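Participant: My structure is in structure.txt, and what it holds is compact mmCIF, N, CA and C atoms:
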```txt
# COMPACT_ATOMS: atom_id res chain seq x y z
N MET A 1 91.64 69.83 126.00
CA MET A 1 92.48 70.48 125.02
C MET A 1 92.82 69.46 123.94
N ALA A 2 92.67 69.87 122.64
CA ALA A 2 92.94 68.96 121.53
C ALA A 2 94.45 68.81 121.32
N LYS A 3 94.85 67.60 121.03
CA LYS A 3 96.26 67.35 120.76
C LYS A 3 96.54 67.60 119.28
N ALA A 4 97.69 68.16 119.01
CA ALA A 4 98.09 68.39 117.62
C ALA A 4 98.49 67.06 117.00
N LYS A 5 98.08 66.87 115.75
CA LYS A 5 98.44 65.65 115.04
C LYS A 5 99.89 65.70 114.61
N LYS A 6 100.56 64.62 114.74
CA LYS A 6 101.93 64.50 114.26
C LYS A 6 101.85 64.07 112.80
N ILE A 7 102.26 64.94 111.91
CA ILE A 7 102.22 64.63 110.49
C ILE A 7 103.53 63.97 110.10
N LYS A 8 103.40 62.82 109.49
CA LYS A 8 104.57 62.07 109.06
C LYS A 8 105.22 62.81 107.88
N GLU A 9 106.53 63.01 108.00
CA GLU A 9 107.25 63.70 106.94
C GLU A 9 107.35 62.79 105.72
N VAL A 10 107.03 63.34 104.58
CA VAL A 10 107.06 62.60 103.32
C VAL A 10 108.28 63.07 102.54
N ILE A 11 109.07 62.12 102.08
CA ILE A 11 110.27 62.44 101.31
C ILE A 11 110.05 61.99 99.87
N VAL A 12 110.31 62.89 98.95
CA VAL A 12 110.20 62.57 97.54
C VAL A 12 111.55 62.05 97.06
N PRO A 13 111.59 60.82 96.56
CA PRO A 13 112.87 60.26 96.09
C PRO A 13 113.45 61.06 94.92
N ASP A 14 114.77 61.05 94.80
CA ASP A 14 115.41 61.66 93.64
C ASP A 14 114.89 60.95 92.39
N ASN A 15 114.80 61.67 91.31
CA ASN A 15 114.33 61.13 90.02
C ASN A 15 112.90 60.62 90.09
N TYR A 16 112.11 61.12 91.03
CA TYR A 16 110.71 60.72 91.16
C TYR A 16 109.92 61.25 89.97
N THR A 17 109.07 60.42 89.41
CA THR A 17 108.18 60.80 88.33
C THR A 17 106.76 60.43 88.72
N PRO A 18 105.89 61.40 88.92
CA PRO A 18 104.53 61.08 89.35
C PRO A 18 103.79 60.17 88.37
N ALA A 19 104.07 60.32 87.08
CA ALA A 19 103.37 59.52 86.09
C ALA A 19 103.67 58.03 86.25
N LYS A 20 104.82 57.70 86.82
CA LYS A 20 105.21 56.30 86.98
C LYS A 20 104.89 55.76 88.37
N ASP A 21 104.28 56.59 89.22
CA ASP A 21 103.97 56.19 90.58
C ASP A 21 102.82 55.19 90.58
N LYS A 22 103.06 54.02 91.10
CA LYS A 22 102.05 52.97 91.13
C LYS A 22 101.25 52.97 92.43
N ALA A 23 101.56 53.87 93.35
CA ALA A 23 100.93 53.87 94.67
C ALA A 23 99.53 54.49 94.65
N GLY A 24 99.09 55.00 93.52
CA GLY A 24 97.75 55.58 93.43
C GLY A 24 97.78 57.08 93.24
N TYR A 25 96.70 57.57 92.67
CA TYR A 25 96.56 58.98 92.36
C TYR A 25 96.54 59.82 93.63
N MET A 26 97.33 60.86 93.66
CA MET A 26 97.45 61.82 94.74
C MET A 26 97.76 61.16 96.08
N ASN A 27 98.69 60.21 96.04
CA ASN A 27 99.19 59.61 97.27
C ASN A 27 100.12 60.62 97.95
N PRO A 28 100.53 60.39 99.19
CA PRO A 28 101.33 61.39 99.92
C PRO A 28 102.63 61.82 99.21
N VAL A 29 103.32 60.87 98.55
CA VAL A 29 104.57 61.23 97.86
C VAL A 29 104.26 62.13 96.66
N MET A 30 103.21 61.81 95.92
CA MET A 30 102.83 62.63 94.76
C MET A 30 102.42 64.03 95.21
N LEU A 31 101.65 64.11 96.27
CA LEU A 31 101.24 65.43 96.78
C LEU A 31 102.45 66.24 97.21
N GLU A 32 103.39 65.60 97.88
CA GLU A 32 104.60 66.30 98.32
C GLU A 32 105.42 66.76 97.12
N TYR A 33 105.48 65.92 96.09
CA TYR A 33 106.19 66.29 94.86
C TYR A 33 105.60 67.58 94.28
N PHE A 34 104.28 67.63 94.13
CA PHE A 34 103.64 68.81 93.57
C PHE A 34 103.77 70.02 94.51
N ARG A 35 103.71 69.79 95.82
CA ARG A 35 103.90 70.88 96.79
C ARG A 35 105.28 71.49 96.62
N GLU A 36 106.30 70.64 96.50
CA GLU A 36 107.68 71.13 96.30
C GLU A 36 107.81 71.89 94.99
N GLN A 37 107.21 71.36 93.91
CA GLN A 37 107.27 72.02 92.61
C GLN A 37 106.62 73.40 92.67
N LEU A 38 105.46 73.47 93.29
CA LEU A 38 104.75 74.75 93.41
C LEU A 38 105.55 75.76 94.24
N ASN A 39 106.14 75.30 95.34
CA ASN A 39 106.94 76.21 96.18
C ASN A 39 108.19 76.70 95.44
N LYS A 40 108.84 75.83 94.67
CA LYS A 40 110.01 76.26 93.88
C LYS A 40 109.61 77.32 92.86
N TRP A 41 108.50 77.07 92.17
CA TRP A 41 108.01 77.99 91.15
C TRP A 41 107.68 79.34 91.78
N LYS A 42 107.01 79.31 92.90
CA LYS A 42 106.65 80.54 93.61
C LYS A 42 107.90 81.32 94.03
N SER A 43 108.89 80.62 94.58
CA SER A 43 110.14 81.27 94.99
C SER A 43 110.84 81.93 93.81
N GLU A 44 110.87 81.23 92.67
CA GLU A 44 111.49 81.79 91.46
C GLU A 44 110.79 83.07 91.03
N LEU A 45 109.46 83.03 90.99
CA LEU A 45 108.69 84.20 90.57
C LEU A 45 108.94 85.38 91.50
N ILE A 46 108.96 85.14 92.80
CA ILE A 46 109.18 86.22 93.76
C ILE A 46 110.59 86.77 93.64
N ARG A 47 111.57 85.88 93.47
CA ARG A 47 112.96 86.33 93.31
C ARG A 47 113.11 87.18 92.05
N GLU A 48 112.57 86.69 90.93
CA GLU A 48 112.67 87.43 89.67
C GLU A 48 111.97 88.78 89.77
N SER A 49 110.84 88.80 90.43
CA SER A 49 110.09 90.04 90.60
C SER A 49 110.89 91.05 91.42
N SER A 50 111.48 90.58 92.50
CA SER A 50 112.28 91.46 93.35
C SER A 50 113.47 92.02 92.58
N GLU A 51 114.13 91.17 91.79
CA GLU A 51 115.27 91.63 91.00
C GLU A 51 114.85 92.65 89.97
N THR A 52 113.71 92.42 89.32
CA THR A 52 113.23 93.36 88.30
C THR A 52 112.91 94.70 88.91
N ILE A 53 112.23 94.66 90.04
CA ILE A 53 111.87 95.93 90.70
C ILE A 53 113.13 96.69 91.08
N LYS A 54 114.09 95.96 91.65
CA LYS A 54 115.33 96.61 92.10
C LYS A 54 116.17 97.08 90.91
N ASP A 55 116.35 96.22 89.92
CA ASP A 55 117.28 96.52 88.83
C ASP A 55 116.67 97.35 87.70
N THR A 56 115.43 97.09 87.36
CA THR A 56 114.86 97.71 86.17
C THR A 56 113.94 98.87 86.49
N LEU A 57 112.90 98.59 87.26
CA LEU A 57 111.87 99.60 87.44
C LEU A 57 112.35 100.81 88.24
N GLN A 58 113.18 100.60 89.24
CA GLN A 58 113.65 101.74 90.03
C GLN A 58 114.67 102.57 89.28
N GLU A 59 115.38 101.96 88.35
CA GLU A 59 116.43 102.67 87.62
C GLU A 59 115.97 103.22 86.28
N THR A 60 114.73 102.91 85.87
CA THR A 60 114.24 103.38 84.59
C THR A 60 114.07 104.89 84.63
N GLU A 61 114.70 105.54 83.70
CA GLU A 61 114.61 106.99 83.59
C GLU A 61 113.55 107.31 82.55
N LEU A 62 112.35 107.71 83.02
CA LEU A 62 111.25 107.99 82.11
C LEU A 62 111.31 109.42 81.57
N GLN A 63 112.07 110.27 82.20
CA GLN A 63 112.16 111.66 81.76
C GLN A 63 113.32 111.86 80.79
N GLN A 64 113.20 111.25 79.63
CA GLN A 64 114.22 111.38 78.60
C GLN A 64 113.96 112.68 77.81
N PRO A 65 115.04 113.37 77.40
CA PRO A 65 114.83 114.60 76.62
C PRO A 65 114.26 114.30 75.22
N ASP A 66 114.67 113.18 74.63
CA ASP A 66 114.20 112.81 73.29
C ASP A 66 112.85 112.10 73.41
N LEU A 67 111.86 112.55 72.62
CA LEU A 67 110.51 111.98 72.70
C LEU A 67 110.50 110.49 72.34
N ALA A 68 111.26 110.08 71.36
CA ALA A 68 111.31 108.67 70.97
C ALA A 68 111.91 107.83 72.09
N ASP A 69 112.97 108.33 72.72
CA ASP A 69 113.58 107.61 73.85
C ASP A 69 112.61 107.51 75.03
N ARG A 70 111.89 108.60 75.29
CA ARG A 70 110.93 108.61 76.38
C ARG A 70 109.80 107.62 76.11
N ALA A 71 109.29 107.61 74.89
CA ALA A 71 108.21 106.69 74.53
C ALA A 71 108.67 105.24 74.66
N SER A 72 109.88 104.99 74.22
CA SER A 72 110.43 103.64 74.32
C SER A 72 110.59 103.21 75.77
N ALA A 73 111.10 104.10 76.61
CA ALA A 73 111.28 103.81 78.03
C ALA A 73 109.93 103.58 78.72
N GLU A 74 108.93 104.39 78.36
CA GLU A 74 107.60 104.23 78.96
C GLU A 74 106.96 102.91 78.52
N THR A 75 107.15 102.55 77.26
CA THR A 75 106.62 101.28 76.75
C THR A 75 107.27 100.11 77.47
N ASP A 76 108.58 100.14 77.62
CA ASP A 76 109.30 99.08 78.33
C ASP A 76 108.83 98.99 79.77
N HIS A 77 108.65 100.14 80.40
CA HIS A 77 108.21 100.20 81.79
C HIS A 77 106.80 99.59 81.93
N ALA A 78 105.90 99.97 81.03
CA ALA A 78 104.53 99.46 81.07
C ALA A 78 104.50 97.94 80.84
N LEU A 79 105.31 97.47 79.91
CA LEU A 79 105.40 96.03 79.64
C LEU A 79 105.90 95.28 80.86
N GLU A 80 106.89 95.83 81.52
CA GLU A 80 107.44 95.21 82.72
C GLU A 80 106.40 95.17 83.83
N LEU A 81 105.63 96.23 83.98
CA LEU A 81 104.57 96.27 85.00
C LEU A 81 103.48 95.23 84.70
N ARG A 82 103.10 95.08 83.44
CA ARG A 82 102.10 94.07 83.06
C ARG A 82 102.62 92.67 83.35
N THR A 83 103.89 92.44 83.05
CA THR A 83 104.50 91.14 83.32
C THR A 83 104.49 90.85 84.81
N ARG A 84 104.85 91.82 85.63
CA ARG A 84 104.86 91.64 87.08
C ARG A 84 103.44 91.37 87.59
N ASP A 85 102.44 92.04 86.99
CA ASP A 85 101.06 91.82 87.42
C ASP A 85 100.62 90.40 87.09
N ARG A 86 100.98 89.89 85.91
CA ARG A 86 100.66 88.50 85.55
C ARG A 86 101.32 87.53 86.52
N GLU A 87 102.57 87.82 86.88
CA GLU A 87 103.28 86.96 87.82
C GLU A 87 102.66 87.01 89.20
N ARG A 88 102.18 88.18 89.61
CA ARG A 88 101.50 88.31 90.91
C ARG A 88 100.25 87.43 90.92
N LYS A 89 99.49 87.46 89.82
CA LYS A 89 98.29 86.63 89.73
C LYS A 89 98.66 85.15 89.74
N LEU A 90 99.77 84.81 89.10
CA LEU A 90 100.23 83.42 89.10
C LEU A 90 100.63 82.97 90.50
N VAL A 91 101.27 83.84 91.27
CA VAL A 91 101.64 83.52 92.65
C VAL A 91 100.36 83.26 93.46
N ASN A 92 99.30 84.03 93.21
CA ASN A 92 98.02 83.78 93.90
C ASN A 92 97.45 82.41 93.53
N LYS A 93 97.57 82.02 92.25
CA LYS A 93 97.10 80.70 91.83
C LYS A 93 97.94 79.60 92.48
N ILE A 94 99.24 79.84 92.60
CA ILE A 94 100.11 78.86 93.26
C ILE A 94 99.70 78.73 94.72
N ASN A 95 99.44 79.85 95.39
CA ASN A 95 98.99 79.80 96.79
C ASN A 95 97.68 79.02 96.92
N SER A 96 96.77 79.20 95.97
CA SER A 96 95.51 78.46 95.98
C SER A 96 95.76 76.97 95.80
N ALA A 97 96.68 76.62 94.90
CA ALA A 97 97.01 75.20 94.68
C ALA A 97 97.61 74.60 95.94
N LEU A 98 98.49 75.33 96.61
CA LEU A 98 99.08 74.84 97.86
C LEU A 98 98.00 74.65 98.93
N GLN A 99 97.02 75.54 98.96
CA GLN A 99 95.92 75.38 99.91
C GLN A 99 95.08 74.15 99.56
N ARG A 100 94.87 73.90 98.26
CA ARG A 100 94.11 72.71 97.86
C ARG A 100 94.85 71.43 98.27
N ILE A 101 96.19 71.47 98.23
CA ILE A 101 96.96 70.31 98.71
C ILE A 101 96.67 70.09 100.19
N LYS A 102 96.72 71.17 100.98
CA LYS A 102 96.44 71.06 102.43
C LYS A 102 95.03 70.55 102.69
N ASP A 103 94.08 70.99 101.86
CA ASP A 103 92.68 70.62 102.06
C ASP A 103 92.33 69.25 101.48
N GLY A 104 93.28 68.63 100.77
CA GLY A 104 93.02 67.32 100.17
C GLY A 104 92.21 67.39 98.88
N GLU A 105 92.17 68.57 98.26
CA GLU A 105 91.38 68.76 97.05
C GLU A 105 92.25 68.86 95.79
N TYR A 106 93.56 68.89 95.97
CA TYR A 106 94.46 69.08 94.83
C TYR A 106 94.39 67.88 93.89
N GLY A 107 94.38 68.17 92.59
CA GLY A 107 94.38 67.10 91.59
C GLY A 107 93.01 66.69 91.14
N TYR A 108 91.98 67.32 91.71
CA TYR A 108 90.61 66.97 91.35
C TYR A 108 89.90 68.19 90.78
N CYS A 109 89.14 67.98 89.72
CA CYS A 109 88.43 69.04 89.02
C CYS A 109 87.44 69.72 89.95
N GLU A 110 87.47 71.04 89.98
CA GLU A 110 86.56 71.76 90.87
C GLU A 110 85.13 71.77 90.34
N GLU A 111 84.92 71.41 89.07
CA GLU A 111 83.56 71.33 88.53
C GLU A 111 82.96 69.95 88.68
N SER A 112 83.73 68.94 88.28
CA SER A 112 83.18 67.58 88.22
C SER A 112 83.66 66.67 89.35
N GLY A 113 84.76 67.03 89.99
CA GLY A 113 85.33 66.16 91.01
C GLY A 113 86.20 65.05 90.44
N ASP A 114 86.28 64.98 89.10
CA ASP A 114 87.10 63.96 88.44
C ASP A 114 88.59 64.27 88.63
N GLU A 115 89.42 63.26 88.42
CA GLU A 115 90.87 63.47 88.46
C GLU A 115 91.27 64.39 87.31
N ILE A 116 92.14 65.34 87.61
CA ILE A 116 92.65 66.24 86.57
C ILE A 116 93.66 65.49 85.71
N GLY A 117 94.44 64.66 86.33
CA GLY A 117 95.43 63.87 85.60
C GLY A 117 96.84 64.37 85.86
N VAL A 118 97.75 63.41 86.03
CA VAL A 118 99.13 63.75 86.36
C VAL A 118 99.81 64.53 85.24
N ALA A 119 99.61 64.12 83.99
CA ALA A 119 100.26 64.80 82.87
C ALA A 119 99.84 66.26 82.80
N ARG A 120 98.56 66.53 83.00
CA ARG A 120 98.07 67.92 82.97
C ARG A 120 98.65 68.71 84.13
N LEU A 121 98.71 68.11 85.31
CA LEU A 121 99.27 68.82 86.47
C LEU A 121 100.76 69.06 86.33
N GLU A 122 101.47 68.15 85.68
CA GLU A 122 102.89 68.40 85.45
C GLU A 122 103.08 69.56 84.49
N ALA A 123 102.20 69.66 83.49
CA ALA A 123 102.29 70.77 82.53
C ALA A 123 101.79 72.08 83.13
N ARG A 124 100.76 71.99 83.96
CA ARG A 124 100.14 73.19 84.56
C ARG A 124 99.76 72.86 86.00
N PRO A 125 100.72 72.95 86.93
CA PRO A 125 100.47 72.55 88.32
C PRO A 125 99.36 73.33 89.02
N VAL A 126 98.95 74.47 88.48
CA VAL A 126 97.89 75.25 89.11
C VAL A 126 96.52 74.95 88.50
N ALA A 127 96.44 73.95 87.63
CA ALA A 127 95.17 73.60 86.97
C ALA A 127 94.12 73.24 88.01
N THR A 128 92.90 73.72 87.78
CA THR A 128 91.79 73.41 88.69
C THR A 128 90.69 72.64 87.97
N LEU A 129 90.81 72.52 86.65
CA LEU A 129 89.80 71.83 85.86
C LEU A 129 90.43 70.67 85.11
N SER A 130 89.65 69.60 84.93
CA SER A 130 90.10 68.49 84.09
C SER A 130 90.16 69.00 82.66
N LEU A 131 90.81 68.27 81.80
CA LEU A 131 90.95 68.68 80.40
C LEU A 131 89.57 68.86 79.76
N GLU A 132 88.65 67.94 80.02
CA GLU A 132 87.30 68.01 79.46
C GLU A 132 86.56 69.25 79.96
N ALA A 133 86.65 69.52 81.24
CA ALA A 133 85.99 70.69 81.82
C ALA A 133 86.61 71.98 81.27
N GLN A 134 87.92 71.99 81.11
CA GLN A 134 88.61 73.16 80.56
C GLN A 134 88.16 73.42 79.13
N GLU A 135 88.05 72.34 78.34
CA GLU A 135 87.61 72.49 76.95
C GLU A 135 86.17 73.02 76.89
N ARG A 136 85.29 72.50 77.76
CA ARG A 136 83.90 73.01 77.81
C ARG A 136 83.90 74.49 78.18
N HIS A 137 84.70 74.85 79.15
CA HIS A 137 84.81 76.24 79.60
C HIS A 137 85.27 77.15 78.46
N GLU A 138 86.29 76.70 77.72
CA GLU A 138 86.81 77.51 76.61
C GLU A 138 85.80 77.62 75.47
N ARG A 139 85.07 76.53 75.17
CA ARG A 139 84.05 76.60 74.12
C ARG A 139 82.95 77.58 74.51
N LYS A 140 82.52 77.51 75.77
CA LYS A 140 81.49 78.41 76.27
C LYS A 140 81.97 79.86 76.20
N GLU A 141 83.21 80.08 76.58
CA GLU A 141 83.81 81.42 76.54
C GLU A 141 83.84 81.95 75.11
N LYS A 142 84.21 81.07 74.16
CA LYS A 142 84.29 81.47 72.75
C LYS A 142 82.92 81.85 72.22
N ILE A 143 81.90 81.07 72.58
CA ILE A 143 80.54 81.36 72.13
C ILE A 143 80.07 82.71 72.66
N HIS A 144 80.32 82.97 73.93
CA HIS A 144 79.88 84.23 74.53
C HIS A 144 80.68 85.41 74.02
N ARG A 145 81.91 85.17 73.62
CA ARG A 145 82.75 86.24 73.08
C ARG A 145 82.24 86.68 71.72
N GLU A 146 81.67 85.73 70.95
CA GLU A 146 81.20 86.04 69.59
C GLU A 146 79.87 86.77 69.58
N ASP A 147 79.17 86.78 70.73
CA ASP A 147 77.85 87.45 70.80
C ASP A 147 77.98 88.94 70.71
```
Please, can you express the file's structure as structure tokens?

Facilitator:
Amino acid sequence: MAKAKKIKEVIVPDNYTPAKDKAGYMNPVMLEYFREQLNKWKSELIRESSETIKDTLQETELQQPDLADRASAETDHALELRTRDRERKLVNKINSALQRIKDGEYGYCEESGDEIGVARLEARPVATLSLEAQERHERKEKIHRED
């Protein structure tokens, strides 16, 4: 029977800044920092989504007698649903990033294997491409869009 590994708990110091970490790229403290950031972001999105569903979408009265009021309510409702859908997709990206942390792949470009970079990950913690790979991807997308 295989023994379970005892994983050492990693504590992120207060006022920790990954950009100033001299211990090396994607060291255990940096990974824990990003894991905590991703989990906080995910919790916020889920909380906001639950509040919106409870407070806004369930109470929206779409059957207004006035056509202008009804159109406005339907537009607001549709906008809220699109926003929730974008947030749902973002939660999926956050889950993927958390899985990449577990797999030891977080912080590395999925195309080239190069470091994504701390500054880019702080700005977009769910990034999967290095800046160069992202720019190539966007240029390619633009060319194909113009066809």

Participant: Using only C-alpha atoms, can you tell me which of A:Asp21, A:Glu32, A:Val91, A:Pro65 comes closest to Ser49 of chain A?

Facilitator: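 For Ser49 of chain A, the nearest of the given residues is A:Val91.
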
Participant: Pull the alpha helix (DSSP H) assignments for chain A out of DSSP run on the backbone, and list those residues as a ChimeraX atom specification.

Facilitator: /A:28-52,67-103,118-123,131-146

Participant: Starting from 5 Å padding per side, set up an axis-aligned box that covers all listed atoms of segment 113-116 of chain A and hand over centre and edge lengths in Å, one decimal, as lines of an AutoDock Vina configuration file.

Facilitator:
```
center_x = 89.2
center_y = 65.1
center_z = 88.4
size_x = 18.9
size_y = 13.8
size_z = 15.3
```

Participant: For a quick check of understanding, using only N, CA and C atoms, which of A:Ile11, A:Leu38, A:Thr17, A:Glu122 has the smallest distance to Asn95 of chain A?

Facilitator: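 Of the candidates, the smallest distance to Asn95 of chain A is held by A:Leu38.
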
Participant: Compile the contact shell of Lys93 of chain A as a list of chain:residue names: residues with an atom at most 10 Å away, counting only C-alpha atoms, same-chain residues fewer than 5 positions apart removed.

Facilitator: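 Counting only C-alpha atoms, the residues come to A:Leu38, A:Lys42, A:Glu87, A:Arg88, A:Leu98, A:Gln99, A:Pro125, A:Val126, A:Ala127, A:Thr128.
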
Participant: Next, write the just-selected residues to a file, as a compact mmCIF listing (two decimals), keeping the file's coordinate frame, keeping N, CA and C atoms as the atom set.

Facilitator:
```txt
# COMPACT_ATOMS: atom_id res chain seq x y z
N LEU A 38 105.46 73.47 93.29
CA LEU A 38 104.75 74.75 93.41
C LEU A 38 105.55 75.76 94.24
N LYS A 42 107.01 79.31 92.90
CA LYS A 42 106.65 80.54 93.61
C LYS A 42 107.90 81.32 94.03
N GLU A 87 102.57 87.82 86.88
CA GLU A 87 103.28 86.96 87.82
C GLU A 87 102.66 87.01 89.20
N ARG A 88 102.18 88.18 89.61
CA ARG A 88 101.50 88.31 90.91
C ARG A 88 100.25 87.43 90.92
N LEU A 98 98.49 75.33 96.61
CA LEU A 98 99.08 74.84 97.86
C LEU A 98 98.00 74.65 98.93
N GLN A 99 97.02 75.54 98.96
CA GLN A 99 95.92 75.38 99.91
C GLN A 99 95.08 74.15 99.56
N PRO A 125 100.72 72.95 86.93
CA PRO A 125 100.47 72.55 88.32
C PRO A 125 99.36 73.33 89.02
N VAL A 126 98.95 74.47 88.48
CA VAL A 126 97.89 75.25 89.11
C VAL A 126 96.52 74.95 88.50
N ALA A 127 96.44 73.95 87.63
CA ALA A 127 95.17 73.60 86.97
C ALA A 127 94.12 73.24 88.01
N THR A 128 92.90 73.72 87.78
CA THR A 128 91.79 73.41 88.69
C THR A 128 90.69 72.64 87.97
```

Participant: Which value, in Å to one decimal, gives the distance between atom C of Ala23 of chain A and atom C of Ala123 of chain A?

Facilitator: 21.1 Å

Participant: Residues within 9 Å of (96.8, 67.0, 85.0), file coordinates, counting only C-alpha atoms: what are they? Give the list as a ChimeraX atom specification.

Facilitator: /A:107-108,115-125,127-131

Participant: May I ask for the distance between atom CA of Glu111 of chain A and atom N of Arg35 of chain A, given in Å to one decimal place?

Facilitator: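 Atom CA of Glu111 of chain A sits 21.5 Å away from atom N of Arg35 of chain A.
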
Participant: For atom CA of Tyr25 of chain A and atom C of Gln37 of chain A, quote the distance in Å rounded to one decimal.

Facilitator: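 That distance, rounded to one decimal, is 17.6 Å.
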
Participant: Which residue is closest to Asn27 of chain A? Choose from A:Ile94, A:Ile101, A:Ala71, A:Leu81 and count only C-alpha atoms.

Facilitator: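 Answer, going by the shortest atom-to-atom distance: A:Ile101.
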